[in-house]
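S.K.: Structure file upload28.txt (compact mmCIF, C-alpha atoms) is given on the next line.
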# COMPACT_ATOMS: atom_id res chain seq x y z
CA ASP X 1 -39.96 84.92 93.09
CA ALA X 2 -36.27 84.49 92.44
CA GLU X 3 -34.75 81.41 93.99
CA ILE X 4 -31.82 79.04 94.03
CA THR X 5 -32.45 75.32 93.62
CA GLN X 6 -30.29 72.24 93.95
CA SER X 7 -30.77 68.74 92.60
CA PRO X 8 -30.85 66.05 93.60
CA ARG X 9 -31.66 66.68 97.26
CA HIS X 10 -30.30 63.27 98.22
CA LYS X 11 -27.81 61.08 96.40
CA ILE X 12 -26.17 57.77 97.21
CA THR X 13 -23.29 56.67 95.03
CA GLU X 14 -20.37 54.30 95.05
CA THR X 15 -16.69 54.99 95.43
CA GLY X 16 -15.06 55.83 92.11
CA ARG X 17 -18.17 56.99 90.30
CA GLN X 18 -18.50 60.42 88.76
CA VAL X 19 -21.26 62.50 90.31
CA THR X 20 -22.67 65.86 89.27
CA LEU X 21 -24.70 68.08 91.57
CA ALA X 22 -26.82 70.76 89.95
CA CYS X 23 -27.31 74.34 91.11
CA HIS X 24 -29.65 76.77 89.37
CA GLN X 25 -30.43 80.35 90.37
CA THR X 26 -32.96 82.77 88.97
CA TRP X 27 -31.61 85.83 90.79
CA ASN X 28 -29.46 86.75 87.76
CA HIS X 29 -26.52 86.91 90.15
CA ASN X 30 -22.97 87.07 88.84
CA ASN X 31 -21.39 85.15 91.72
CA MET X 32 -21.98 81.52 92.56
CA PHE X 33 -20.38 79.39 95.25
CA TRP X 34 -20.22 75.75 96.32
CA TYR X 35 -19.70 74.79 99.95
CA ARG X 36 -19.60 71.54 101.85
CA GLN X 37 -20.86 71.26 105.40
CA ASP X 38 -19.36 68.77 107.80
CA LEU X 39 -19.79 68.41 111.53
CA GLY X 40 -17.19 70.43 113.37
CA HIS X 41 -16.04 72.28 110.26
CA GLY X 42 -18.88 74.67 109.49
CA LEU X 43 -19.08 75.49 105.79
CA ARG X 44 -15.99 75.26 103.64
CA LEU X 45 -15.68 76.76 100.18
CA ILE X 46 -15.06 74.31 97.34
CA HIS X 47 -15.24 76.41 94.17
CA TYR X 48 -16.68 79.72 93.13
CA SER X 49 -17.40 81.74 90.00
CA TYR X 50 -17.70 85.45 89.34
CA GLY X 51 -19.38 85.05 85.96
CA VAL X 52 -19.66 83.02 82.79
CA GLN X 53 -16.47 81.14 81.94
CA ASP X 54 -14.91 82.14 85.28
CA THR X 55 -14.12 79.52 87.94
CA ASN X 56 -11.87 79.60 90.98
CA LYS X 57 -10.68 77.10 93.58
CA GLY X 58 -11.70 77.39 97.18
CA GLU X 59 -10.05 75.93 100.24
CA VAL X 60 -11.17 72.31 99.66
CA SER X 61 -11.21 71.96 95.88
CA ASP X 62 -9.27 68.70 95.43
CA GLY X 63 -11.44 66.08 93.74
CA TYR X 64 -14.06 68.59 92.58
CA SER X 65 -14.59 70.65 89.44
CA VAL X 66 -17.09 73.23 88.21
CA SER X 67 -17.92 74.92 84.94
CA ARG X 68 -19.95 78.07 84.26
CA SER X 69 -21.46 78.16 80.79
CA ASN X 70 -24.33 80.51 81.64
CA THR X 71 -25.34 82.88 84.43
CA GLU X 72 -27.93 80.61 86.00
CA ASP X 73 -26.05 77.33 86.54
CA LEU X 74 -22.93 76.12 88.32
CA PRO X 75 -22.81 72.31 88.37
CA LEU X 76 -20.36 70.65 90.77
CA THR X 77 -18.69 67.45 89.58
CA LEU X 78 -16.95 64.89 91.74
CA GLU X 79 -14.58 63.25 89.28
CA SER X 80 -14.15 60.00 91.23
CA ALA X 81 -16.23 59.97 94.39
CA ALA X 82 -14.50 59.07 97.65
CA SER X 83 -15.98 58.26 101.05
CA SER X 84 -14.37 61.44 102.39
CA GLN X 85 -16.71 63.38 100.10
CA THR X 86 -19.79 62.21 101.97
CA SER X 87 -21.23 65.52 103.08
CA VAL X 88 -24.00 68.06 102.63
CA TYR X 89 -23.35 70.39 99.73
CA PHE X 90 -24.72 73.91 99.48
CA CYS X 91 -24.80 76.22 96.54
CA ALA X 92 -25.04 79.99 97.03
CA SER X 93 -25.17 83.08 94.88
CA SER X 94 -24.60 86.79 95.32
CA ARG X 95 -25.08 89.78 93.09
CA ASP X 96 -21.49 90.87 92.54
CA ARG X 97 -18.05 91.00 94.12
CA ALA X 98 -18.93 93.68 96.64
CA VAL X 99 -17.58 92.46 99.93
CA ALA X 100 -20.77 93.25 101.82
CA ASP X 101 -23.06 91.43 99.41
CA THR X 102 -25.42 88.87 100.87
CA GLN X 103 -25.11 85.28 99.71
CA TYR X 104 -28.36 83.39 99.14
CA PHE X 105 -28.27 79.65 99.73
CA GLY X 106 -29.98 76.69 98.15
CA PRO X 107 -31.59 73.91 100.20
CA GLY X 108 -28.60 71.58 99.98
CA THR X 109 -27.78 68.14 98.59
CA ARG X 110 -26.97 65.31 100.95
CA LEU X 111 -24.40 63.05 99.26
CA THR X 112 -23.43 59.64 100.59
CA VAL X 113 -20.49 57.82 99.03
CA LEU X 114 -20.40 54.09 99.87
CA ALA J 1 -5.24 80.86 111.80
CA GLN J 2 -8.97 80.85 112.48
CA SER J 3 -10.52 84.04 111.12
CA VAL J 4 -13.85 83.74 112.89
CA THR J 5 -14.54 81.87 116.11
CA GLN J 6 -17.88 80.97 117.59
CA LEU J 7 -17.60 80.20 121.29
CA GLY J 8 -19.71 77.23 122.23
CA SER J 9 -20.80 74.64 119.71
CA HIS J 10 -24.01 74.05 121.67
CA VAL J 11 -26.07 76.56 123.64
CA SER J 12 -29.19 75.60 125.56
CA VAL J 13 -31.72 78.10 126.90
CA SER J 14 -35.20 77.95 128.31
CA GLU J 15 -38.12 79.36 126.36
CA GLY J 16 -38.41 83.05 127.22
CA ALA J 17 -34.78 83.39 128.30
CA LEU J 18 -32.12 85.57 126.74
CA VAL J 19 -30.26 84.14 123.78
CA LEU J 20 -26.56 85.05 123.46
CA LEU J 21 -24.43 83.50 120.74
CA ARG J 22 -20.81 84.61 120.61
CA CYS J 23 -18.69 85.43 117.59
CA ASN J 24 -15.18 86.85 117.49
CA TYR J 25 -13.03 87.62 114.48
CA SER J 26 -9.29 87.97 114.12
CA SER J 27 -8.34 90.95 111.99
CA SER J 28 -6.80 94.37 112.51
CA VAL J 29 -9.13 95.71 109.84
CA PRO J 30 -12.82 95.34 110.74
CA PRO J 31 -14.47 92.92 108.37
CA TYR J 32 -18.03 92.79 107.17
CA LEU J 33 -19.97 90.55 109.51
CA PHE J 34 -22.93 88.26 108.98
CA TRP J 35 -25.14 85.95 110.99
CA TYR J 36 -26.94 83.15 109.19
CA VAL J 37 -29.46 80.65 110.58
CA GLN J 38 -29.97 77.09 109.38
CA TYR J 39 -33.16 75.28 110.32
CA PRO J 40 -33.14 71.48 110.15
CA ASN J 41 -32.78 70.12 106.62
CA GLN J 42 -32.73 73.59 105.09
CA GLY J 43 -30.22 75.95 103.58
CA LEU J 44 -28.79 79.00 105.31
CA GLN J 45 -30.83 82.17 105.68
CA LEU J 46 -29.45 85.61 106.45
CA LEU J 47 -30.42 86.93 109.88
CA LEU J 48 -28.51 90.20 109.76
CA LYS J 49 -25.29 91.80 108.63
CA TYR J 50 -23.00 94.66 109.57
CA THR J 51 -21.28 96.66 106.87
CA THR J 52 -20.77 100.24 108.05
CA GLY J 53 -22.57 102.79 110.19
CA ALA J 54 -24.61 101.94 113.27
CA THR J 55 -22.93 99.22 115.27
CA LEU J 56 -26.18 97.75 116.59
CA VAL J 57 -27.82 95.82 113.79
CA LYS J 58 -31.36 94.51 113.92
CA GLY J 59 -32.34 91.44 111.96
CA ILE J 60 -35.27 89.18 111.36
CA ASN J 61 -37.20 87.26 114.02
CA GLY J 62 -36.22 89.67 116.82
CA PHE J 63 -32.49 89.04 116.65
CA GLU J 64 -29.87 91.74 116.86
CA ALA J 65 -26.09 91.92 117.01
CA GLU J 66 -23.63 94.56 118.08
CA PHE J 67 -20.30 95.16 116.39
CA LYS J 68 -17.63 95.96 118.99
CA LYS J 69 -14.37 96.86 117.33
CA SER J 70 -12.42 97.02 120.61
CA GLU J 71 -13.45 93.46 121.43
CA THR J 72 -13.37 92.18 117.80
CA SER J 73 -16.79 90.73 118.47
CA PHE J 74 -20.21 90.47 116.83
CA HIS J 75 -22.39 88.63 119.32
CA LEU J 76 -25.96 87.70 118.44
CA THR J 77 -28.75 88.27 120.96
CA LYS J 78 -32.48 87.89 121.33
CA PRO J 79 -34.28 89.00 124.50
CA SER J 80 -36.72 86.11 124.68
CA ALA J 81 -36.20 82.72 123.06
CA HIS J 82 -38.99 80.91 121.23
CA MET J 83 -39.14 77.21 120.53
CA SER J 84 -38.97 78.08 116.83
CA ASP J 85 -35.49 79.59 117.34
CA ALA J 86 -33.97 76.14 117.73
CA ALA J 87 -31.53 75.92 114.84
CA GLU J 88 -27.85 76.18 113.94
CA TYR J 89 -26.38 79.65 113.75
CA PHE J 90 -23.33 80.65 111.75
CA CYS J 91 -21.23 83.75 112.03
CA ALA J 92 -19.39 84.72 108.85
CA VAL J 93 -17.00 87.43 107.71
CA SER J 94 -15.92 88.94 104.45
CA GLY J 95 -13.66 91.80 103.45
CA GLN J 96 -9.91 91.79 103.96
CA LEU J 97 -10.03 88.45 105.79
CA SER J 98 -11.26 86.82 102.58
CA GLY J 99 -9.09 88.88 100.26
CA ASN J 100 -11.81 91.42 99.43
CA THR J 101 -13.29 88.91 97.01
CA GLY J 102 -16.88 88.67 98.21
CA LYS J 103 -16.19 85.24 99.67
CA LEU J 104 -17.48 84.39 103.12
CA ILE J 105 -15.48 82.71 105.86
CA PHE J 106 -17.72 80.86 108.27
CA GLY J 107 -17.37 79.99 111.91
CA GLN J 108 -17.97 76.42 112.96
CA GLY J 109 -21.56 77.07 113.98
CA THR J 110 -23.52 77.05 117.23
CA THR J 111 -26.51 74.81 117.76
CA LEU J 112 -29.21 76.53 119.79
CA GLN J 113 -31.50 74.33 121.82
CA VAL J 114 -34.63 75.86 123.35
CA LYS J 115 -36.19 73.98 126.23
CA PRO J 116 -39.87 74.35 127.11
Kindly return the structure encoded in the file as structure tokens.
M.R.:
Amino acid sequence: DAEITQSPRHKITETGRQVTLACHQTWNHNNMFWYRQDLGHGLRLIHYSYGVQDTNKGEVSDGYSVSRSNTEDLPLTLESAASSQTSVYFCASSRDRAVADTQYFGPGTRLTVL
Amino acid sequence: AQSVTQLGSHVSVSEGALVLLRCNYSSSVPPYLFWYVQYPNQGLQLLLKYTTGATLVKGINGFEAEFKKSETSFHLTKPSAHMSDAAEYFCAVSGQLSGNTGKLIFGQGTTLQVKP
């Protein structure tokens, strides 16, 4: 069965370190998204990609970067982790840019920045 | 301006009672509307979505939602709550509100508690 996986599921790091969160999907979807979930804010979009070599900033992109070198993966990098980036991170994918397309979510990565 | 609003961050019902979770959107052009559910320590799972056509949409696990253009609402209901329905529920929109890009804009979520 097709799926979307994230690793690690839990990560503790220190302020100032670079951290990369992995996202891998086997749906062969063109679109991939990264969200962060914080209490009282719902899910907020960090970055997204419509295909290989395409990346776009979401509403809370400062301090984060992504790259898309193949269809299956969209790693999220925190260049210099800050305590404000402690959150749960979700990756999602959808088939194409159709506005009614369903997004499928991974299980999440809980990141703690000390 | 908030594009999608979920009224009530916490809703508590008794097992067997009606579940009603409220969602309103702010747009003159009807968006595409989604309800997702998140069980503890899991990712989000699609419950149902409205695109076009019939305004009453049936989803998984006995949930349904009705799109009401005049009220700019898409409330989620279930006639009889089960203990297993305890979770966080998110309303989301796409379409013109997100620039017709396929992006989703989420409400802040409603935690459903089901009491025995």
S.K.: Could you tell me how far CA of Ser84 (chain X) lies from CA of Phe106 (chain J), in Å and to one decimal?
M.R.: 20.6 Å
S.K.: Taking all atoms listed in the file into account, produce a table as a tab-separated table in which each residue of chain X with an atom at most 12 Å from an atom of chain J appears once, together with its shortest atom pair and the distance in Å to one decimal, ordered by chain and rising number.
M.R.:
residue	atom	partner	partner_atom	distance
X:Glu3	CA	J:Gly43	CA	11.9
X:Ile4	CA	J:Gly43	CA	10.2
X:Thr5	CA	J:Gly43	CA	10.2
X:Gln6	CA	J:Gly43	CA	10.3
X:Arg9	CA	J:Asn41	CA	10.0
X:His10	CA	J:Asn41	CA	11.1
X:Asn30	CA	J:Gly102	CA	11.3
X:Asn31	CA	J:Gly102	CA	8.7
X:Met32	CA	J:Lys103	CA	9.9
X:Phe33	CA	J:Lys103	CA	8.4
X:Trp34	CA	J:Lys103	CA	10.8
X:Tyr35	CA	J:Leu104	CA	10.4
X:Arg36	CA	J:Phe106	CA	11.5
X:Gln37	CA	J:Gln108	CA	9.6
X:Asp38	CA	J:Gln108	CA	9.3
X:Leu39	CA	J:Gln108	CA	8.3
X:Gly40	CA	J:Gln108	CA	6.1
X:His41	CA	J:Gln108	CA	5.3
X:Gly42	CA	J:Gln108	CA	4.0
X:Leu43	CA	J:Phe106	CA	6.1
X:Arg44	CA	J:Phe106	CA	7.5
X:Leu45	CA	J:Ile105	CA	8.2
X:Ile46	CA	J:Lys103	CA	11.2
X:His47	CA	J:Lys103	CA	10.4
X:Tyr48	CA	J:Lys103	CA	8.6
X:Ser49	CA	J:Lys103	CA	10.4
X:Tyr50	CA	J:Gly102	CA	9.5
X:Asn56	CA	J:Thr101	CA	11.2
X:Lys57	CA	J:Lys103	CA	11.6
X:Gly58	CA	J:Lys103	CA	9.4
X:Glu59	CA	J:Ile105	CA	10.3
X:Val88	CA	J:Asn41	CA	9.9
X:Tyr89	CA	J:Gly43	CA	9.6
X:Phe90	CA	J:Gly43	CA	7.2
X:Cys91	CA	J:Gly43	CA	8.9
X:Ala92	CA	J:Leu44	CA	9.1
X:Ser93	CA	J:Lys103	CA	10.4
X:Ser94	CA	J:Gly102	CA	8.5
X:Arg95	CA	J:Gly102	CA	9.7
X:Asp96	CA	J:Gly102	CA	7.6
X:Arg97	CA	J:Gly102	CA	4.9
X:Ala98	CA	J:Gly102	CA	5.6
X:Val99	CA	J:Gly102	CA	4.2
X:Ala100	CA	J:Tyr32	CA	6.0
X:Asp101	CA	J:Gly102	CA	6.9
X:Thr102	CA	J:Leu46	CA	7.6
X:Gln103	CA	J:Leu46	CA	8.0
X:Tyr104	CA	J:Gln45	CA	7.1
X:Phe105	CA	J:Leu44	CA	5.6
X:Gly106	CA	J:Gly43	CA	5.5
X:Pro107	CA	J:Gly43	CA	4.2
X:Gly108	CA	J:Gly43	CA	5.9
X:Thr109	CA	J:Gly43	CA	9.6
X:Arg110	CA	J:Asn41	CA	9.4
S.K.: Kindly export the residues of the current selection with C-alpha atoms, as a JSON list (two decimals), in the frame of the given file.
M.R.:
[["chain", "number", "residue", "atom", "x", "y", "z"],
["X", 3, "GLU", "CA", -34.75, 81.41, 93.99],
["X", 4, "ILE", "CA", -31.82, 79.04, 94.03],
["X", 5, "THR", "CA", -32.45, 75.32, 93.62],
["X", 6, "GLN", "CA", -30.29, 72.24, 93.95],
["X", 9, "ARG", "CA", -31.66, 66.68, 97.26],
["X", 10, "HIS", "CA", -30.30, 63.27, 98.22],
["X", 30, "ASN", "CA", -22.97, 87.07, 88.84],
["X", 31, "ASN", "CA", -21.39, 85.15, 91.72],
["X", 32, "MET", "CA", -21.98, 81.52, 92.56],
["X", 33, "PHE", "CA", -20.38, 79.39, 95.25],
["X", 34, "TRP", "CA", -20.22, 75.75, 96.32],
["X", 35, "TYR", "CA", -19.70, 74.79, 99.95],
["X", 36, "ARG", "CA", -19.60, 71.54, 101.85],
["X", 37, "GLN", "CA", -20.86, 71.26, 105.40],
["X", 38, "ASP", "CA", -19.36, 68.77, 107.80],
["X", 39, "LEU", "CA", -19.79, 68.41, 111.53],
["X", 40, "GLY", "CA", -17.19, 70.43, 113.37],
["X", 41, "HIS", "CA", -16.04, 72.28, 110.26],
["X", 42, "GLY", "CA", -18.88, 74.67, 109.49],
["X", 43, "LEU", "CA", -19.08, 75.49, 105.79],
["X", 44, "ARG", "CA", -15.99, 75.26, 103.64],
["X", 45, "LEU", "CA", -15.68, 76.76, 100.18],
["X", 46, "ILE", "CA", -15.06, 74.31, 97.34],
["X", 47, "HIS", "CA", -15.24, 76.41, 94.17],
["X", 48, "TYR", "CA", -16.68, 79.72, 93.13],
["X", 49, "SER", "CA", -17.40, 81.74, 90.00],
["X", 50, "TYR", "CA", -17.70, 85.45, 89.34],
["X", 56, "ASN", "CA", -11.87, 79.60, 90.98],
["X", 57, "LYS", "CA", -10.68, 77.10, 93.58],
["X", 58, "GLY", "CA", -11.70, 77.39, 97.18],
["X", 59, "GLU", "CA", -10.05, 75.93, 100.24],
["X", 88, "VAL", "CA", -24.00, 68.06, 102.63],
["X", 89, "TYR", "CA", -23.35, 70.39, 99.73],
["X", 90, "PHE", "CA", -24.72, 73.91, 99.48],
["X", 91, "CYS", "CA", -24.80, 76.22, 96.54],
["X", 92, "ALA", "CA", -25.04, 79.99, 97.03],
["X", 93, "SER", "CA", -25.17, 83.08, 94.88],
["X", 94, "SER", "CA", -24.60, 86.79, 95.32],
["X", 95, "ARG", "CA", -25.08, 89.78, 93.09],
["X", 96, "ASP", "CA", -21.49, 90.87, 92.54],
["X", 97, "ARG", "CA", -18.05, 91.00, 94.12],
["X", 98, "ALA", "CA", -18.93, 93.68, 96.64],
["X", 99, "VAL", "CA", -17.58, 92.46, 99.93],
["X", 100, "ALA", "CA", -20.77, 93.25, 101.82],
["X", 101, "ASP", "CA", -23.06, 91.43, 99.41],
["X", 102, "THR", "CA", -25.42, 88.87, 100.87],
["X", 103, "GLN", "CA", -25.11, 85.28, 99.71],
["X", 104, "TYR", "CA", -28.36, 83.39, 99.14],
["X", 105, "PHE", "CA", -28.27, 79.65, 99.73],
["X", 106, "GLY", "CA", -29.98, 76.69, 98.15],
["X", 107, "PRO", "CA", -31.59, 73.91, 100.20],
["X", 108, "GLY", "CA", -28.60, 71.58, 99.98],
["X", 109, "THR", "CA", -27.78, 68.14, 98.59],
["X", 110, "ARG", "CA", -26.97, 65.31, 100.95]]
S.K.: Please provide the set of residues having any atom within 9 Å of Ser67 (chain X), restricted to all atoms listed in the file, with same-chain residues fewer than 5 positions apart removed, written as a ChimeraX atom specification.
M.R.: /X:49,52-55,73-77
S.K.: Pull C-alpha atoms from the residues just selected and write them as a short mmCIF file (atom, residue, chain, number, x, y, z; two decimals), in the coordinates of the input.
M.R.:
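Just written: out26.cif:
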data_model
loop_
_atom_site.label_atom_id
_atom_site.label_comp_id
_atom_site.auth_asym_id
_atom_site.auth_seq_id
_atom_site.Cartn_x
_atom_site.Cartn_y
_atom_site.Cartn_z
CA SER X 49 -17.40 81.74 90.00
CA VAL X 52 -19.66 83.02 82.79
CA GLN X 53 -16.47 81.14 81.94
CA ASP X 54 -14.91 82.14 85.28
CA THR X 55 -14.12 79.52 87.94
CA ASP X 73 -26.05 77.33 86.54
CA LEU X 74 -22.93 76.12 88.32
CA PRO X 75 -22.81 72.31 88.37
CA LEU X 76 -20.36 70.65 90.77
CA THR X 77 -18.69 67.45 89.58
#
S.K.: In Å, how far is it from CA of Pro30 (chain J) to CA of Phe63 (chain J)?
M.R.: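 Pair CA of Pro30 (chain J) / CA of Phe63 (chain J) returns 21.5 Å.
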S.K.: Between CA of Asp85 (chain J) and CA of Glu15 (chain J), what is the distance, to one decimal in Å?
M.R.: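 Here the two named atoms are 9.4 Å from each other.
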S.K.: Enclose all atoms of region 50-54 of chain J listed in the file in an axis-aligned box, grow every side by 4 Å, and hand back centre and edge lengths in Å to one decimal, as AutoDock Vina command-line options.
M.R.:
--center_x -22.7 --center_y 98.7 --center_z 110.1 --size_x 11.8 --size_y 16.1 --size_z 14.4
S.K.: Please check which residues have atoms at most 10 Å from (-19.0, 59.3, 91.1) in the file's coordinates, counting all atoms listed in the file, and write them as a list in words.
M.R.: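 Residues close enough to count: Ile12, Thr13, Glu14, Thr15, Gly16, Arg17, Gln18, Val19, Thr20, Thr77, Leu78, Glu79, Ser80, Ala81, Ala82 and Val113 of chain X.
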S.K.: Which is closer to His29 (chain X) than all the others in X:Ser61, X:Gly51, X:Thr112, X:Ser69, using only C-alpha atoms?
M.R.: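 Under the stated criterion, the closest residue is X:Gly51.
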S.K.: Of the candidates X:Gln85, X:Ala2, X:Leu114, X:Thr26, which shows the shortest atom-to-atom distance to Glu72 (chain X), using only C-alpha atoms?
M.R.: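 Using only C-alpha atoms, the shortest distance to Glu72 (chain X) belongs to X:Thr26.
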